[in-house]
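Just start.csv here, CSV, C-alpha atoms:
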```csv
chain,number,residue,atom,x,y,z
A,1,MET,CA,-0.4,-2.0,-24.5
A,2,SER,CA,0.7,0.2,-21.6
A,3,ALA,CA,-0.8,-0.1,-18.1
A,4,ILE,CA,-2.5,3.3,-18.6
A,5,ASP,CA,-4.1,2.2,-21.9
A,6,TRP,CA,-5.3,-1.0,-20.2
A,7,VAL,CA,-6.9,0.9,-17.3
A,8,ASN,CA,-8.5,3.4,-19.8
A,9,GLY,CA,-10.0,0.5,-21.8
A,10,LEU,CA,-11.3,-1.1,-18.6
A,11,MET,CA,-13.1,2.1,-17.6
A,12,ASP,CA,-14.4,2.5,-21.2
A,13,THR,CA,-15.9,-1.0,-20.9
A,14,LEU,CA,-17.1,-1.0,-17.3
A,15,GLY,CA,-17.3,2.6,-16.3
A,16,ALA,CA,-16.6,3.5,-12.6
A,17,PRO,CA,-16.5,-0.2,-11.6
A,18,GLY,CA,-13.6,-0.6,-14.0
A,19,ALA,CA,-11.6,1.9,-11.9
A,20,GLY,CA,-12.5,-0.1,-8.9
A,21,VAL,CA,-11.2,-3.3,-10.5
A,22,ALA,CA,-8.0,-1.6,-11.5
A,23,ILE,CA,-7.4,-0.4,-7.9
A,24,ALA,CA,-8.2,-3.9,-6.5
A,25,LEU,CA,-5.5,-5.3,-8.8
A,26,GLU,CA,-3.1,-2.5,-7.8
A,27,ASN,CA,-3.2,-3.9,-4.3
A,28,LEU,CA,-2.2,-7.3,-5.5
A,29,PHE,CA,0.3,-6.2,-8.1
A,30,PRO,CA,2.0,-3.0,-6.9
A,31,PRO,CA,3.7,-2.3,-10.2
A,32,ILE,CA,0.2,-1.0,-11.4
A,33,PRO,CA,0.4,2.3,-9.5
A,34,SER,CA,-2.7,3.9,-7.9
A,35,GLU,CA,-1.0,7.2,-8.4
A,36,ALA,CA,-1.7,6.8,-12.1
A,37,ILE,CA,-5.1,5.0,-12.0
A,38,LEU,CA,-6.8,7.5,-9.6
A,39,PRO,CA,-6.0,10.8,-11.4
A,40,LEU,CA,-6.9,9.1,-14.7
A,41,ALA,CA,-10.3,8.1,-13.2
A,42,GLY,CA,-10.7,11.7,-12.0
A,43,PHE,CA,-10.0,13.0,-15.5
A,44,ALA,CA,-12.5,10.5,-17.0
A,45,ALA,CA,-15.1,11.8,-14.5
A,46,SER,CA,-14.4,15.4,-15.5
A,47,THR,CA,-15.2,14.5,-19.1
A,48,GLY,CA,-18.6,13.1,-18.2
A,49,ARG,CA,-17.6,9.5,-18.9
A,50,MET,CA,-18.6,8.5,-15.4
A,51,SER,CA,-19.9,10.0,-12.2
A,52,LEU,CA,-17.3,11.5,-9.8
A,53,VAL,CA,-19.2,10.1,-6.8
A,54,ALA,CA,-19.3,6.6,-8.4
A,55,VAL,CA,-15.5,6.8,-9.0
A,56,LEU,CA,-14.8,7.6,-5.4
A,57,LEU,CA,-17.1,4.8,-4.1
A,58,TRP,CA,-15.8,2.2,-6.5
A,59,THR,CA,-12.1,3.0,-6.1
A,60,THR,CA,-12.4,2.8,-2.3
A,61,ALA,CA,-14.3,-0.5,-2.6
A,62,GLY,CA,-11.5,-1.8,-4.9
A,63,SER,CA,-8.9,-0.7,-2.3
A,64,VAL,CA,-10.7,-2.6,0.5
A,65,ILE,CA,-11.3,-5.7,-1.6
A,66,GLY,CA,-7.6,-5.9,-2.7
A,67,ALA,CA,-6.4,-5.2,0.9
A,68,LEU,CA,-8.8,-7.9,2.2
A,69,ALA,CA,-7.4,-10.4,-0.3
A,70,LEU,CA,-3.8,-9.8,1.0
A,71,TYR,CA,-5.1,-9.9,4.6
A,72,GLY,CA,-6.5,-13.4,3.8
A,73,VAL,CA,-3.1,-14.5,2.4
A,74,GLY,CA,-1.3,-13.5,5.5
A,75,ALA,CA,-3.9,-15.1,7.8
A,76,LEU,CA,-4.0,-18.4,5.9
A,77,LEU,CA,-0.4,-18.9,5.2
A,78,GLY,CA,1.4,-17.3,8.1
A,79,ARG,CA,4.6,-15.4,8.0
A,80,ASP,CA,7.1,-18.0,6.7
A,81,ARG,CA,5.0,-19.3,3.9
A,82,THR,CA,3.8,-15.9,2.9
A,83,VAL,CA,7.4,-14.6,2.6
A,84,ALA,CA,8.4,-17.8,0.7
A,85,LEU,CA,5.5,-17.3,-1.7
A,86,ALA,CA,6.4,-13.6,-2.3
A,87,ALA,CA,10.0,-14.6,-3.1
A,88,ARG,CA,8.7,-16.5,-6.1
A,89,LEU,CA,6.6,-13.6,-7.5
A,90,PRO,CA,8.0,-11.3,-10.1
A,91,LEU,CA,8.5,-7.6,-9.2
A,92,VAL,CA,7.8,-8.3,-5.5
A,93,LYS,CA,10.7,-7.8,-3.1
A,94,VAL,CA,10.9,-9.8,0.1
A,95,SER,CA,12.8,-6.9,1.7
A,96,ASP,CA,9.8,-4.7,1.1
A,97,ILE,CA,7.6,-7.2,2.9
A,98,GLU,CA,10.0,-7.5,5.8
A,99,ARG,CA,10.2,-3.7,6.2
A,100,THR,CA,6.4,-3.4,6.1
A,101,GLU,CA,6.2,-6.2,8.7
A,102,GLY,CA,8.6,-4.5,11.0
A,103,TRP,CA,6.7,-1.2,10.7
A,104,PHE,CA,3.4,-3.0,11.4
A,105,LEU,CA,4.8,-4.6,14.6
A,106,ARG,CA,6.0,-1.3,15.9
A,107,HIS,CA,2.9,0.8,15.0
A,108,GLY,CA,-0.1,-1.6,14.8
A,109,THR,CA,-3.3,0.1,13.9
A,110,LYS,CA,-1.6,3.3,12.9
A,111,ALA,CA,0.4,1.3,10.3
A,112,VAL,CA,-2.8,0.1,8.6
A,113,PHE,CA,-4.4,3.6,8.5
A,114,PHE,CA,-1.4,5.7,7.5
A,115,GLY,CA,0.1,2.9,5.5
A,116,ARG,CA,-2.7,3.4,2.9
A,117,MET,CA,-1.0,6.7,2.1
A,118,ILE,CA,2.5,5.4,1.6
A,119,PRO,CA,3.8,3.9,-1.7
A,120,VAL,CA,4.6,0.2,-1.6
A,121,PHE,CA,3.5,-0.1,2.1
A,122,ARG,CA,-0.1,0.7,1.2
A,123,SER,CA,-0.4,-2.6,-0.5
A,124,LEU,CA,1.9,-4.8,1.6
A,125,VAL,CA,0.7,-3.7,5.0
A,126,SER,CA,-2.3,-5.9,4.7
A,127,ILE,CA,-0.1,-9.0,4.9
A,128,PRO,CA,1.3,-8.6,8.4
A,129,ALA,CA,-2.2,-7.5,9.5
A,130,GLY,CA,-3.4,-10.9,8.4
A,131,VAL,CA,-0.4,-12.7,9.9
A,132,GLU,CA,-1.0,-11.1,13.2
A,133,ARG,CA,-4.8,-11.7,12.9
A,134,MET,CA,-5.7,-8.0,13.5
A,135,PRO,CA,-9.5,-8.0,14.3
A,136,LEU,CA,-11.3,-7.9,10.9
A,137,PRO,CA,-13.7,-5.1,11.8
A,138,VAL,CA,-10.8,-2.9,12.9
A,139,PHE,CA,-8.8,-3.8,9.8
A,140,LEU,CA,-11.7,-3.0,7.5
A,141,THR,CA,-12.5,0.3,9.2
A,142,LEU,CA,-8.9,1.6,9.1
A,143,THR,CA,-8.4,0.4,5.6
A,144,THR,CA,-11.6,2.0,4.4
A,145,LEU,CA,-10.9,5.4,6.0
A,146,GLY,CA,-7.2,5.5,4.9
A,147,SER,CA,-8.0,4.4,1.4
A,148,ALA,CA,-10.9,6.8,1.1
A,149,LEU,CA,-8.6,9.7,2.0
A,150,TRP,CA,-5.9,8.6,-0.4
A,151,ASN,CA,-8.2,7.9,-3.3
A,152,THR,CA,-10.3,11.1,-2.9
A,153,ALA,CA,-7.2,13.3,-3.0
A,154,PHE,CA,-5.9,11.8,-6.2
A,155,VAL,CA,-9.3,11.5,-7.9
A,156,LEU,CA,-10.1,15.1,-7.2
A,157,ALA,CA,-6.7,16.2,-8.3
A,158,GLY,CA,-7.2,14.4,-11.6
A,159,HIS,CA,-10.7,15.9,-11.9
A,160,ALA,CA,-9.4,19.4,-11.3
A,161,LEU,CA,-6.4,19.1,-13.7
A,162,GLY,CA,-8.4,17.6,-16.5
A,163,ALA,CA,-6.2,16.8,-19.5
A,164,ASN,CA,-3.1,17.7,-17.4
A,165,TRP,CA,-3.8,14.9,-14.9
A,166,THR,CA,-0.4,13.4,-15.5
A,167,GLN,CA,1.1,16.2,-13.5
A,168,VAL,CA,-0.2,14.4,-10.4
A,169,THR,CA,1.9,11.3,-11.2
A,170,ASP,CA,5.0,13.4,-11.7
A,171,VAL,CA,4.7,15.0,-8.2
A,172,VAL,CA,3.9,11.6,-6.6
A,173,SER,CA,6.8,10.0,-8.3
A,174,ALA,CA,9.1,12.4,-6.4
A,175,TYR,CA,7.1,12.0,-3.2
A,176,SER,CA,7.4,8.2,-3.5
A,177,LYS,CA,11.2,8.3,-3.8
A,178,VAL,CA,11.5,10.6,-0.7
A,179,VAL,CA,9.1,8.3,1.3
A,180,LEU,CA,10.9,5.1,0.4
A,181,VAL,CA,14.3,6.6,1.2
A,182,ALA,CA,13.0,7.9,4.5
A,183,ALA,CA,11.5,4.5,5.3
A,184,ALA,CA,14.8,2.8,4.5
A,185,LEU,CA,16.7,5.2,6.8
A,186,THR,CA,14.2,4.6,9.6
A,187,VAL,CA,14.7,0.9,9.4
A,188,LEU,CA,18.5,1.3,9.4
A,189,ALA,CA,18.2,3.6,12.4
A,190,PHE,CA,16.0,1.1,14.2
A,191,VAL,CA,18.5,-1.7,13.6
A,192,ALA,CA,21.4,0.4,14.6
A,193,VAL,CA,19.8,1.4,17.9
A,194,ARG,CA,19.0,-2.2,18.6
A,195,LEU,CA,22.6,-3.3,18.0
A,196,LEU,CA,24.0,-0.5,20.1
A,197,ARG,CA,21.7,-1.3,23.0
A,198,ARG,CA,22.6,-5.0,22.9
A,199,PRO,CA,25.0,-5.8,25.8
A,200,SER,CA,28.4,-7.1,24.8
A,201,SER,CA,29.7,-10.3,26.2
A,202,THR,CA,32.0,-8.4,28.6
A,203,GLU,CA,29.1,-6.5,30.0
A,204,VAL,CA,27.2,-9.6,30.9
A,205,SER,CA,27.6,-10.2,34.6
A,206,GLU,CA,28.9,-13.5,35.8
A,207,PRO,CA,26.4,-15.5,37.9
A,208,SER,CA,27.2,-15.2,41.6
```
Using structure tokens, write down the structure that the file contains.
Amino acid sequence: MSAIDWVNGLMDTLGAPGAGVAIALENLFPPIPSEAILPLAGFAASTGRMSLVAVLLWTTAGSVIGALALYGVGALLGRDRTVALAARLPLVKVSDIERTEGWFLRHGTKAVFFGRMIPVFRSLVSIPAGVERMPLPVFLTLTTLGSALWNTAFVLAGHALGANWTQVTDVVSAYSKVVLVAAALTVLAFVAVRLLRRPSSTEVSEPS
């Protein structure tokens, strides 16, 4: 059974809460993409299988619950143990966590809000927020707002496209690749600037 078939069956059984469950799991297991779940849920709403408002509310709730779980992992384990644990998980790259952590340390609250709209980072950004013990009310507010915007855009796209909802995933697949390449280049540029700014041993003045 494919991931799409599984999500479809979950929504058939539970309705809109099933979409919320799928999105919560997507935060914990990034290989289940929200870019596929959300348009599918929108399409299901367009057929009358569930309420569009209920889909929007439940998927946003699922996003917040999944993010809160990862925040808790970061807060309880700390950085070193969290990275060590992630290294043992299938399909999770430590390099992705480290890039997300670096982005979070540079951008703070903006990372949590805008990170909800960036593939891969949208799930993992909760971990450094927990490690750094970002105030929980701030984390929940930013996560809810960012997730609501992301979810609404994709659910409404699937609702509007109907049976052609898969067109959304095709577009986002290209978008995801561009974003990930841009993120990697940003990290490389940041490291390069740091290395260039580091004084060489000949530039270090001798003590008088």
- Test item: residues at most 8 Å from A:Ala41, only C-alpha atoms, excluding those fewer than 6 positions along its chain, as a ChimeraX atom specification: /A:11,16,19,55,155,158-159
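The space separating atom CA of A:Trp58 from atom CA of A:Ser34 comes to 13.3 Å.
Relative to atom CA of A:Tyr71, atom CA of A:Ser2 is found at 28.7 Å.
Here the selection is built from all atoms listed in the file, and the residues within 10 Å of (-10.0, 19.2, -12.2) turn out to be Pro39, Gly42, Phe43, Ala45, Ser46, Thr47, Val155, Leu156, Ala157, Gly158, His159, Ala160, Leu161, Gly162, Ala163, Asn164 and Trp165 of chain A.
Taking all atoms listed in the file into account, the residues near (-0.2, -11.2, 7.8), no farther than 9 Å, are A:Leu70, A:Tyr71, A:Gly72, A:Val73, A:Gly74, A:Ala75, A:Leu76, A:Leu77, A:Gly78, A:Arg79, A:Thr82, A:Glu101, A:Val125, A:Ser126, A:Ile127, A:Pro128, A:Ala129, A:Gly130, A:Val131, A:Glu132, A:Arg133, A:Met134.
The two atoms in question, atom CA of A:Gly146 and atom CA of A:Leu38, are spaced 14.6 Å apart.
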- Using all atoms listed in the file, the shortest atom-to-atom distance to A:Leu14 among A:Phe29, A:Leu40, A:Met50, A:Ala111 belongs to A:Met50
- Item | Residue neighbourhood A:Gly18, 12 Å, only C-alpha atoms, exclusion window fewer than 2 positions, as JSON, numbers by chain | {"A": [6, 7, 8, 9, 10, 11, 12, 13, 14, 15, 16, 20, 21, 22, 23, 24, 25, 37, 38, 40, 41, 44, 49, 50, 54, 55, 56, 57, 58, 59, 61, 62]}
- Nearest to A:Ser95, chosen from A:Leu124, A:Val138, A:Leu68, A:Ala153, with only C-alpha atoms counted in the distances: A:Leu124
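Minimum distance to A:Met117 across A:Leu142, A:Ala3, A:Val53, A:Leu28 (counting only C-alpha atoms) occurs at A:Leu142.
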